[in-house]
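**Q** Structure file start.cif, mmCIF, C-alpha atoms and all ligand atoms; chains and numbers go by the auth columns, is pasted below:
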data_work
loop_
_atom_site.group_PDB
_atom_site.id
_atom_site.type_symbol
_atom_site.label_atom_id
_atom_site.label_comp_id
_atom_site.label_asym_id
_atom_site.label_seq_id
_atom_site.Cartn_x
_atom_site.Cartn_y
_atom_site.Cartn_z
_atom_site.B_iso_or_equiv
_atom_site.auth_seq_id
_atom_site.auth_asym_id
ATOM 1 C CA MET A 1 2.556 43.416 -0.390 0.00 134 E
ATOM 2 C CA VAL A 2 0.974 44.232 2.967 0.00 135 E
ATOM 3 C CA LEU A 3 -0.504 40.764 2.936 0.00 136 E
ATOM 4 C CA GLU A 4 2.879 39.191 2.197 0.00 137 E
ATOM 5 C CA GLU A 5 4.374 40.928 5.241 0.00 138 E
ATOM 6 C CA LEU A 6 1.511 39.613 7.336 0.00 139 E
ATOM 7 C CA ASN A 7 2.075 36.124 5.916 0.00 140 E
ATOM 8 C CA ASN A 8 5.723 36.323 6.965 0.00 141 E
ATOM 9 C CA GLN A 9 4.688 37.304 10.478 0.00 142 E
ATOM 10 C CA ILE A 10 2.369 34.290 10.571 0.00 143 E
ATOM 11 C CA ARG A 11 5.127 31.960 9.309 0.00 144 E
ATOM 12 C CA ASN A 12 7.415 33.144 12.128 0.00 145 E
ATOM 13 C CA CYS A 13 4.726 33.296 14.812 0.00 146 E
ATOM 14 C CA LYS A 14 5.236 31.633 18.203 0.00 147 E
ATOM 15 C CA LYS A 15 2.260 33.151 20.015 0.00 148 E
ATOM 16 C CA CYS A 16 0.757 29.775 20.857 0.00 149 E
ATOM 17 C CA ARG A 17 1.980 26.176 21.134 0.00 150 E
ATOM 18 C CA LEU A 18 0.745 25.044 17.703 0.00 151 E
ATOM 19 C CA TYR A 19 3.817 26.143 15.727 0.00 152 E
ATOM 20 C CA GLN A 20 5.853 23.535 17.642 0.00 153 E
ATOM 21 C CA THR A 21 3.994 20.540 16.202 0.00 154 E
ATOM 22 C CA ALA A 22 3.074 21.853 12.730 0.00 155 E
ATOM 23 C CA LYS A 23 5.265 21.548 9.623 0.00 156 E
ATOM 24 C CA HIS A 24 4.088 24.715 7.903 0.00 157 E
ATOM 25 C CA ALA A 25 1.976 27.730 8.730 0.00 158 E
ATOM 26 C CA VAL A 26 -1.011 28.165 6.421 0.00 159 E
ATOM 27 C CA PRO A 27 -1.596 31.918 6.232 0.00 160 E
ATOM 28 C CA GLY A 28 -4.123 31.856 3.377 0.00 161 E
ATOM 29 C CA GLU A 29 -4.131 32.515 -0.350 0.00 162 E
ATOM 30 C CA GLY A 30 -5.895 34.608 -2.945 0.00 163 E
ATOM 31 C CA PRO A 31 -5.868 38.122 -4.344 0.00 164 E
ATOM 32 C CA GLU A 32 -5.234 41.012 -1.941 0.00 165 E
ATOM 33 C CA ASN A 33 -8.301 42.763 -3.398 0.00 166 E
ATOM 34 C CA ALA A 34 -10.615 39.722 -3.221 0.00 167 E
ATOM 35 C CA LYS A 35 -14.244 40.667 -2.687 0.00 168 E
ATOM 36 C CA VAL A 36 -15.153 37.327 -1.169 0.00 169 E
ATOM 37 C CA MET A 37 -13.280 35.642 1.662 0.00 170 E
ATOM 38 C CA ILE A 38 -13.729 32.049 2.833 0.00 171 E
ATOM 39 C CA VAL A 39 -12.837 31.224 6.429 0.00 172 E
ATOM 40 C CA GLY A 40 -12.444 27.747 7.886 0.00 173 E
ATOM 41 C CA GLN A 41 -11.407 26.825 11.403 0.00 174 E
ATOM 42 C CA ASN A 42 -7.878 25.397 11.090 0.00 175 E
ATOM 43 C CA PRO A 43 -5.637 23.618 8.568 0.00 176 E
ATOM 44 C CA GLY A 44 -5.559 19.820 8.302 0.00 177 E
ATOM 45 C CA ALA A 45 -2.750 17.416 7.374 0.00 178 E
ATOM 46 C CA ASP A 46 -2.656 18.184 3.619 0.00 179 E
ATOM 47 C CA GLU A 47 -2.624 21.906 4.328 0.00 180 E
ATOM 48 C CA ASP A 48 0.153 21.429 6.891 0.00 181 E
ATOM 49 C CA GLU A 49 2.222 19.545 4.280 0.00 182 E
ATOM 50 C CA THR A 50 1.826 22.200 1.610 0.00 183 E
ATOM 51 C CA GLY A 51 1.325 25.440 3.545 0.00 184 E
ATOM 52 C CA ARG A 52 -1.791 26.053 1.436 0.00 185 E
ATOM 53 C CA PRO A 53 -5.432 26.270 2.643 0.00 186 E
ATOM 54 C CA PHE A 54 -8.149 23.811 1.617 0.00 187 E
ATOM 55 C CA VAL A 55 -6.077 21.558 -0.655 0.00 188 E
ATOM 56 C CA GLY A 56 -7.145 18.183 0.846 0.00 189 E
ATOM 57 C CA ARG A 57 -10.283 16.214 0.034 0.00 190 E
ATOM 58 C CA ALA A 58 -12.642 18.724 1.641 0.00 191 E
ATOM 59 C CA GLY A 59 -10.859 21.571 -0.137 0.00 192 E
ATOM 60 C CA LYS A 60 -11.152 19.864 -3.507 0.00 193 E
ATOM 61 C CA PHE A 61 -14.839 19.225 -2.851 0.00 194 E
ATOM 62 C CA LEU A 62 -15.310 22.890 -1.916 0.00 195 E
ATOM 63 C CA THR A 63 -13.445 24.070 -5.043 0.00 196 E
ATOM 64 C CA LYS A 64 -15.505 21.745 -7.275 0.00 197 E
ATOM 65 C CA THR A 65 -18.837 22.818 -5.767 0.00 198 E
ATOM 66 C CA LEU A 66 -17.941 26.506 -6.045 0.00 199 E
ATOM 67 C CA ALA A 67 -17.036 25.971 -9.712 0.00 200 E
ATOM 68 C CA GLU A 68 -20.352 24.197 -10.361 0.00 201 E
ATOM 69 C CA PHE A 69 -22.078 27.404 -9.306 0.00 202 E
ATOM 70 C CA GLY A 70 -19.777 29.622 -11.354 0.00 203 E
ATOM 71 C CA ILE A 71 -17.439 30.738 -8.557 0.00 204 E
ATOM 72 C CA LYS A 72 -13.735 30.442 -9.358 0.00 205 E
ATOM 73 C CA ARG A 73 -11.598 29.605 -6.352 0.00 206 E
ATOM 74 C CA GLU A 74 -8.730 31.819 -7.569 0.00 207 E
ATOM 75 C CA THR A 75 -10.928 34.930 -7.288 0.00 208 E
ATOM 76 C CA LEU A 76 -11.465 34.349 -3.540 0.00 209 E
ATOM 77 C CA TYR A 77 -9.239 34.779 -0.522 0.00 210 E
ATOM 78 C CA ILE A 78 -9.226 31.508 1.452 0.00 211 E
ATOM 79 C CA THR A 79 -7.937 31.219 4.985 0.00 212 E
ATOM 80 C CA ASN A 80 -8.609 29.813 8.455 0.00 213 E
ATOM 81 C CA ILE A 81 -9.064 31.339 11.888 0.00 214 E
ATOM 82 C CA VAL A 82 -6.093 29.383 13.250 0.00 215 E
ATOM 83 C CA LYS A 83 -3.055 29.309 10.955 0.00 216 E
ATOM 84 C CA HIS A 84 -1.196 26.219 12.195 0.00 217 E
ATOM 85 C CA THR A 85 -2.634 22.706 12.302 0.00 218 E
ATOM 86 C CA SER A 86 -3.206 20.971 15.657 0.00 219 E
ATOM 87 C CA PRO A 87 -1.843 17.621 16.857 0.00 220 E
ATOM 88 C CA GLU A 88 -4.118 14.799 15.598 0.00 221 E
ATOM 89 C CA ASN A 89 -6.188 17.543 13.956 0.00 222 E
ATOM 90 C CA ARG A 90 -7.942 18.242 17.280 0.00 223 E
ATOM 91 C CA LYS A 91 -10.162 21.290 17.638 0.00 224 E
ATOM 92 C CA PRO A 92 -8.019 24.337 18.504 0.00 225 E
ATOM 93 C CA TYR A 93 -8.200 25.346 22.168 0.00 226 E
ATOM 94 C CA PRO A 94 -9.804 28.680 23.037 0.00 227 E
ATOM 95 C CA ASP A 95 -6.435 30.253 23.943 0.00 228 E
ATOM 96 C CA GLU A 96 -5.040 29.207 20.524 0.00 229 E
ATOM 97 C CA VAL A 97 -8.035 30.749 18.761 0.00 230 E
ATOM 98 C CA ALA A 98 -7.622 33.936 20.809 0.00 231 E
ATOM 99 C CA ALA A 99 -3.888 34.115 20.016 0.00 232 E
ATOM 100 C CA CYS A 100 -4.424 33.663 16.272 0.00 233 E
ATOM 101 C CA LEU A 101 -7.596 35.674 15.696 0.00 234 E
ATOM 102 C CA PRO A 102 -5.800 39.037 15.304 0.00 235 E
ATOM 103 C CA TYR A 103 -4.218 37.706 12.073 0.00 236 E
ATOM 104 C CA LEU A 104 -7.641 37.050 10.565 0.00 237 E
ATOM 105 C CA GLN A 105 -8.825 40.464 11.726 0.00 238 E
ATOM 106 C CA GLU A 106 -5.808 42.048 10.022 0.00 239 E
ATOM 107 C CA GLN A 107 -6.426 40.063 6.825 0.00 240 E
ATOM 108 C CA ILE A 108 -10.018 41.336 6.802 0.00 241 E
ATOM 109 C CA ARG A 109 -8.805 44.904 7.388 0.00 242 E
ATOM 110 C CA VAL A 110 -6.314 44.693 4.494 0.00 243 E
ATOM 111 C CA ILE A 111 -8.478 42.793 1.991 0.00 244 E
ATOM 112 C CA GLN A 112 -11.778 44.537 2.830 0.00 245 E
ATOM 113 C CA PRO A 113 -14.031 41.814 1.426 0.00 246 E
ATOM 114 C CA LYS A 114 -17.712 42.480 0.764 0.00 247 E
ATOM 115 C CA ILE A 115 -18.700 38.931 1.685 0.00 248 E
ATOM 116 C CA ILE A 116 -17.208 36.503 4.207 0.00 249 E
ATOM 117 C CA VAL A 117 -18.171 32.839 3.957 0.00 250 E
ATOM 118 C CA LEU A 118 -17.819 31.033 7.272 0.00 251 E
ATOM 119 C CA LEU A 119 -17.401 27.278 7.043 0.00 252 E
ATOM 120 C CA GLY A 120 -18.762 25.128 9.870 0.00 253 E
ATOM 121 C CA ALA A 121 -17.476 25.940 13.349 0.00 254 E
ATOM 122 C CA SER A 122 -15.601 29.053 12.201 0.00 255 E
ATOM 123 C CA ALA A 123 -18.959 30.867 12.243 0.00 256 E
ATOM 124 C CA LYS A 124 -19.018 30.939 16.051 0.00 257 E
ATOM 125 C CA GLU A 125 -15.501 32.259 16.461 0.00 258 E
ATOM 126 C CA THR A 126 -15.272 34.923 13.775 0.00 259 E
ATOM 127 C CA PRO A 127 -16.105 38.426 14.996 0.00 260 E
ATOM 128 C CA ARG A 128 -18.480 40.317 12.705 0.00 261 E
ATOM 129 C CA VAL A 129 -17.414 43.571 11.071 0.00 262 E
ATOM 130 C CA GLU A 130 -20.055 46.123 10.120 0.00 263 E
ATOM 131 C CA GLY A 131 -20.598 46.556 6.380 0.00 264 E
ATOM 132 C CA ILE A 132 -19.593 42.982 5.479 0.00 265 E
ATOM 133 C CA GLU A 133 -22.183 40.337 4.562 0.00 266 E
ATOM 134 C CA TYR A 134 -21.641 36.994 6.308 0.00 267 E
ATOM 135 C CA PHE A 135 -22.655 33.643 4.907 0.00 268 E
ATOM 136 C CA GLU A 136 -22.654 30.642 7.220 0.00 269 E
ATOM 137 C CA VAL A 137 -22.126 27.458 5.252 0.00 270 E
ATOM 138 C CA VAL A 138 -21.949 23.770 6.220 0.00 271 E
ATOM 139 C CA HIS A 139 -18.332 22.603 6.410 0.00 272 E
ATOM 140 C CA PRO A 140 -17.388 20.787 3.169 0.00 273 E
ATOM 141 C CA SER A 141 -16.054 17.773 5.102 0.00 274 E
ATOM 142 C CA ALA A 142 -19.518 17.309 6.688 0.00 275 E
ATOM 143 C CA ALA A 143 -21.124 17.873 3.275 0.00 276 E
ATOM 144 C CA MET A 144 -18.959 15.106 1.829 0.00 277 E
ATOM 145 C CA ARG A 145 -19.990 12.639 4.530 0.00 278 E
ATOM 146 C CA PHE A 146 -23.718 13.181 4.959 0.00 279 E
ATOM 147 C CA THR A 147 -26.298 13.410 2.182 0.00 280 E
ATOM 148 C CA LYS A 148 -28.533 15.896 4.043 0.00 281 E
ATOM 149 C CA MET A 149 -25.561 18.140 4.768 0.00 282 E
ATOM 150 C CA ARG A 150 -24.480 17.909 1.136 0.00 283 E
ATOM 151 C CA GLU A 151 -27.905 19.053 -0.057 0.00 284 E
ATOM 152 C CA LYS A 152 -27.824 21.951 2.409 0.00 285 E
ATOM 153 C CA PHE A 153 -24.265 22.841 1.360 0.00 286 E
ATOM 154 C CA ARG A 154 -25.243 22.985 -2.307 0.00 287 E
ATOM 155 C CA VAL A 155 -28.240 25.212 -1.536 0.00 288 E
ATOM 156 C CA GLN A 156 -25.994 27.538 0.475 0.00 289 E
ATOM 157 C CA ILE A 157 -23.338 27.726 -2.266 0.00 290 E
ATOM 158 C CA ARG A 158 -26.070 28.455 -4.816 0.00 291 E
ATOM 159 C CA GLU A 159 -27.362 31.282 -2.594 0.00 292 E
ATOM 160 C CA LEU A 160 -23.807 32.567 -2.248 0.00 293 E
ATOM 161 C CA SER A 161 -23.422 32.554 -6.023 0.00 294 E
ATOM 162 C CA GLU A 162 -26.690 34.509 -6.365 0.00 295 E
ATOM 163 C CA LYS A 163 -25.543 37.032 -3.763 0.00 296 E
ATOM 164 C CA ILE A 164 -22.202 37.468 -5.558 0.00 297 E
ATOM 165 C CA GLY A 165 -24.143 38.075 -8.775 0.00 298 E
ATOM 166 C CA GLU A 166 -26.480 40.575 -7.048 0.00 299 E
ATOM 167 C CA LEU A 167 -23.594 42.562 -5.611 0.00 300 E
ATOM 168 C CA GLY A 168 -21.583 42.163 -8.823 0.00 301 E
ATOM 169 C CA VAL A 169 -18.448 41.607 -6.761 0.00 302 E
ATOM 170 C CA ILE A 170 -16.631 39.004 -8.879 0.00 303 E
HETATM 171 S S1 LIG B . -1.625 29.063 15.415 0.00 401 E
HETATM 172 FE FE1 LIG B . -1.596 31.268 15.084 0.00 401 E
HETATM 173 S S2 LIG B . -1.069 32.172 17.076 0.00 401 E
HETATM 174 FE FE2 LIG B . -0.510 29.984 17.126 0.00 401 E
HETATM 175 S S3 LIG B . 1.636 29.948 16.515 0.00 401 E
HETATM 176 FE FE3 LIG B . 0.402 29.621 14.659 0.00 401 E
HETATM 177 S S4 LIG B . 0.156 31.638 13.755 0.00 401 E
HETATM 178 FE FE4 LIG B . 0.826 31.930 15.878 0.00 401 E
#
Show the structure stored in the file as structure tokens.
**A**
Amino acid sequence: MVLEELNNQIRNCKKCRLYQTAKHAVPGEGPENAKVMIVGQNPGADEDETGRPFVGRAGKFLTKTLAEFGIKRETLYITNIVKHTSPENRKPYPDEVAACLPYLQEQIRVIQPKIIVLLGASAKETPRVEGIEYFEVVHPSAAMRFTKMREKFRVQIRELSEKIGELGVI
């Protein structure tokens, strides 16, 4: 419920310019008591169309790889640092990241995950919270494109799966 209120705030947000060019906000999805959170940088075109995170090609690849290692997407909370897509899918500007970051911080405060998986560039921009384990993982779109990245991605997802098992959080 708390999360739904936050989602509504995000859907009505005008704190930076990105809401003007996006079709839908993409607040995030998953259980409010998820123990594992996945954080990307910003939504792409498919996410903008649907208002849902990681539903395009990279998202499907991520979901499939997680499943291969026994991690069900629906048990995780999946979101991005920046909640609206950018024109031409450009990298969000620092002031846009700064404007949007408090929403991610609030999502972390409400959900209280044990593990946060940071995809690609989101690792640099996500502030660390004490008591949470952070996993930096290659972005799935890079993993799809480059063989070496794909191998690394699979190793990282396997390690994540082992860590989830160790902590018994899913
Ligand atoms: S990107 Fe974030 S800060 Fe900018 S308008 Fe959307 S929700 Fe608000």
**Q** For each of E:Ile297, E:Leu234, E:Val135, E:Ala200, take the minimum atom-to-atom distance to ligand LIG 401 (chain E), counting all atoms listed in the file, then give the residue where this is smallest.
**A**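 Once distances to ligand LIG 401 (chain E) are computed over all atoms listed in the file, the minimum belongs to E:Leu234.
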**Q** Which residues are near ligand LIG 401 (chain E) in this structure, taking near to mean any atom at most 8 Å from a ligand atom and counting all atoms listed in the file? Format them as a ChimeraX atom specification.
**A** /E:142-153,158,160,215-218,229-234,236
**Q** Name the residues in contact with E:Ile241 at a cut-off of 9 Å, using all atoms listed in the file, excluding same-chain residues fewer than 4 positions from it; report them as a ChimeraX atom specification.
**A** /E:170,236-237,245-246,262
**Q** How far is it from atom CA of E:Glu162 to atom CA of E:Glu284, in Å with one decimal?
**A**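 Computing it gives 27.3 Å between the two atoms.
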**Q** Determine the residue set returned by the PyMOL selection byres (((chain E and resi 180) around 10) and not hetatm) for the present structure, and present it as an MDAnalysis selection string.
**A** chainID E and resid 156:159 175:179 181:189 192 216:218
**Q** Counting all atoms listed in the file, figure out which residue out of E:Thr280, E:Gln238, E:Gln289, E:Asn141 gets nearest to E:Ile214.
**A**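 Smallest distance to E:Ile214 is found for E:Gln238.
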**Q** Please expand the PyMOL selection byres (((chain E and resi 294) around 12) and not hetatm) into the concrete residues it hits in this file, giving the result as a ChimeraX atom specification.
**A** /E:169,198-205,248,250,268,287-293,295-303
**Q** Mind writing the picked residues with C-alpha atoms as a short mmCIF file (atom, residue, chain, number, x, y, z; two decimals), in the coordinates of the input?
**A**
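Produced file result-v9.cif, reproduced below:
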data_model
loop_
_atom_site.label_atom_id
_atom_site.label_comp_id
_atom_site.auth_asym_id
_atom_site.auth_seq_id
_atom_site.Cartn_x
_atom_site.Cartn_y
_atom_site.Cartn_z
CA VAL E 169 -15.15 37.33 -1.17
CA THR E 198 -18.84 22.82 -5.77
CA LEU E 199 -17.94 26.51 -6.04
CA ALA E 200 -17.04 25.97 -9.71
CA GLU E 201 -20.35 24.20 -10.36
CA PHE E 202 -22.08 27.40 -9.31
CA GLY E 203 -19.78 29.62 -11.35
CA ILE E 204 -17.44 30.74 -8.56
CA LYS E 205 -13.74 30.44 -9.36
CA ILE E 248 -18.70 38.93 1.68
CA VAL E 250 -18.17 32.84 3.96
CA PHE E 268 -22.66 33.64 4.91
CA ARG E 287 -25.24 22.98 -2.31
CA VAL E 288 -28.24 25.21 -1.54
CA GLN E 289 -25.99 27.54 0.48
CA ILE E 290 -23.34 27.73 -2.27
CA ARG E 291 -26.07 28.46 -4.82
CA GLU E 292 -27.36 31.28 -2.59
CA LEU E 293 -23.81 32.57 -2.25
CA GLU E 295 -26.69 34.51 -6.36
CA LYS E 296 -25.54 37.03 -3.76
CA ILE E 297 -22.20 37.47 -5.56
CA GLY E 298 -24.14 38.08 -8.78
CA GLU E 299 -26.48 40.58 -7.05
CA LEU E 300 -23.59 42.56 -5.61
CA GLY E 301 -21.58 42.16 -8.82
CA VAL E 302 -18.45 41.61 -6.76
CA ILE E 303 -16.63 39.00 -8.88
#
**Q** Extract, using all atoms listed in the file, all DNA, RNA and protein residues at most 10 Å from E:Ala254, discarding same-chain residues fewer than 6 positions from it, and format them as a list in words.
**A** Val172, Gly173, Gln174, Asn175, Lys224, Glu269, Val270, Val271 and His272 of chain E
**Q** Do you know which residues are at most 9 Å from E:Pro164 counting only C-alpha atoms, after dropping those on the same chain fewer than 5 positions away, and could you put them as a VMD selection string?
**A** chain E and resid 207 to 210 244
**Q** Provide the atom CA of E:Thr154 to atom CA of E:Pro220 distance in Å, to one decimal place.
**A**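 If I compute the distance from atom CA of E:Thr154 to atom CA of E:Pro220, I get 6.6 Å.
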**Q** Suppose you want the space between atom CA of E:Ala167 and atom CA of E:Ala155; what is it in Å?
**A**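 Atom-to-atom, atom CA of E:Ala167 to atom CA of E:Ala155, that is 27.6 Å.
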**Q** Excluding E:Met277 and its own-chain neighbours fewer than 3 positions away, which residues fall within 10 Å of it when counting only C-alpha atoms? Please give them as a compact mmCIF listing (two decimals) with C-alpha atoms, in the coordinates of the input.
**A**
# COMPACT_ATOMS: atom_id res chain seq x y z
CA ARG E 190 -10.28 16.21 0.03
CA ALA E 191 -12.64 18.72 1.64
CA PHE E 194 -14.84 19.23 -2.85
CA LEU E 195 -15.31 22.89 -1.92
CA HIS E 272 -18.33 22.60 6.41
CA PRO E 273 -17.39 20.79 3.17
CA SER E 274 -16.05 17.77 5.10
CA THR E 280 -26.30 13.41 2.18
CA LYS E 281 -28.53 15.90 4.04
CA MET E 282 -25.56 18.14 4.77
CA ARG E 283 -24.48 17.91 1.14
CA GLU E 284 -27.90 19.05 -0.06
CA PHE E 286 -24.26 22.84 1.36
**Q** With all atoms listed in the file as the basis for distance, which of E:Thr259, E:Gln240, E:Asn213, E:Ser219 is at the shortest distance from E:Glu165?
**A** E:Gln240
**Q** Taking all atoms of stretch 182-195 of chain E that the file lists, what box with edges along x, y and z, padded by 3 Å per side, do you get, with centre and edge lengths in Å to one decimal, as lines of an AutoDock Vina configuration file?
**A**
center_x = -6.5
center_y = 21.2
center_z = 0.4
size_x = 23.5
size_y = 16.1
size_z = 13.8
**Q** When you count all atoms listed in the file, which of these residues is closest to E:Gly264: E:Arg242, E:Phe279, E:Leu136, E:Arg206?
**A**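 Smallest distance to E:Gly264 is found for E:Arg242.
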**Q** Since the input lacks atoms, please generate N, CA and C atoms for stretch 166-193 of chain E and provide them as a CSV table (one decimal), keeping the file's coordinate frame.
**A**
chain,number,residue,atom,x,y,z
E,166,ASN,N,-7.1,42.0,-3.2
E,166,ASN,CA,-8.3,42.8,-3.4
E,166,ASN,C,-9.5,41.9,-3.6
E,167,ALA,N,-9.5,40.6,-3.1
E,167,ALA,CA,-10.6,39.7,-3.2
E,167,ALA,C,-11.9,40.3,-2.6
E,168,LYS,N,-13.0,40.1,-3.2
E,168,LYS,CA,-14.2,40.7,-2.7
E,168,LYS,C,-15.0,39.6,-1.8
E,169,VAL,N,-14.5,38.4,-2.0
E,169,VAL,CA,-15.2,37.3,-1.2
E,169,VAL,C,-14.0,36.6,-0.4
E,170,MET,N,-14.3,36.4,0.9
E,170,MET,CA,-13.3,35.6,1.7
E,170,MET,C,-14.0,34.4,2.2
E,171,ILE,N,-13.2,33.3,2.2
E,171,ILE,CA,-13.7,32.0,2.8
E,171,ILE,C,-12.9,31.7,4.1
E,172,VAL,N,-13.6,31.5,5.2
E,172,VAL,CA,-12.8,31.2,6.4
E,172,VAL,C,-13.2,29.9,7.0
E,173,GLY,N,-12.2,29.0,7.2
E,173,GLY,CA,-12.4,27.7,7.9
E,173,GLY,C,-11.9,27.9,9.3
E,174,GLN,N,-11.9,26.7,10.0
E,174,GLN,CA,-11.4,26.8,11.4
E,174,GLN,C,-9.9,26.7,11.5
E,175,ASN,N,-9.3,25.6,11.0
E,175,ASN,CA,-7.9,25.4,11.1
E,175,ASN,C,-7.4,24.4,10.0
E,176,PRO,N,-6.1,24.5,9.6
E,176,PRO,CA,-5.6,23.6,8.6
E,176,PRO,C,-5.6,22.2,9.0
E,177,GLY,N,-5.7,21.3,8.0
E,177,GLY,CA,-5.6,19.8,8.3
E,177,GLY,C,-4.2,19.3,7.8
E,178,ALA,N,-4.1,18.0,7.7
E,178,ALA,CA,-2.8,17.4,7.4
E,178,ALA,C,-2.2,17.8,6.0
E,179,ASP,N,-3.1,17.8,5.0
E,179,ASP,CA,-2.7,18.2,3.6
E,179,ASP,C,-2.2,19.6,3.6
E,180,GLU,N,-2.9,20.5,4.3
E,180,GLU,CA,-2.6,21.9,4.3
E,180,GLU,C,-1.3,22.1,5.1
E,181,ASP,N,-1.1,21.3,6.1
E,181,ASP,CA,0.2,21.4,6.9
E,181,ASP,C,1.3,21.0,6.0
E,182,GLU,N,1.1,20.0,5.2
E,182,GLU,CA,2.2,19.5,4.3
E,182,GLU,C,2.6,20.6,3.3
E,183,THR,N,1.6,21.3,2.8
E,183,THR,CA,1.8,22.2,1.6
E,183,THR,C,1.9,23.7,2.0
E,184,GLY,N,1.4,24.0,3.2
E,184,GLY,CA,1.3,25.4,3.5
E,184,GLY,C,0.2,26.2,2.8
E,185,ARG,N,-0.7,25.4,2.2
E,185,ARG,CA,-1.8,26.1,1.4
E,185,ARG,C,-3.1,25.7,2.0
E,186,PRO,N,-4.1,26.6,2.0
E,186,PRO,CA,-5.4,26.3,2.6
E,186,PRO,C,-6.3,25.4,1.7
E,187,PHE,N,-7.1,24.6,2.3
E,187,PHE,CA,-8.1,23.8,1.6
E,187,PHE,C,-7.6,23.1,0.3
E,188,VAL,N,-6.6,22.3,0.5
E,188,VAL,CA,-6.1,21.6,-0.7
E,188,VAL,C,-6.3,20.1,-0.5
E,189,GLY,N,-6.9,19.6,0.6
E,189,GLY,CA,-7.1,18.2,0.8
E,189,GLY,C,-8.5,17.8,0.2
E,190,ARG,N,-9.0,16.7,0.6
E,190,ARG,CA,-10.3,16.2,0.0
E,190,ARG,C,-11.4,17.2,0.2
E,191,ALA,N,-11.6,17.8,1.4
E,191,ALA,CA,-12.6,18.7,1.6
E,191,ALA,C,-12.4,20.0,0.8
E,192,GLY,N,-11.2,20.4,0.7
E,192,GLY,CA,-10.9,21.6,-0.1
E,192,GLY,C,-11.2,21.4,-1.6
E,193,LYS,N,-10.9,20.2,-2.1
E,193,LYS,CA,-11.2,19.9,-3.5
E,193,LYS,C,-12.7,19.8,-3.7
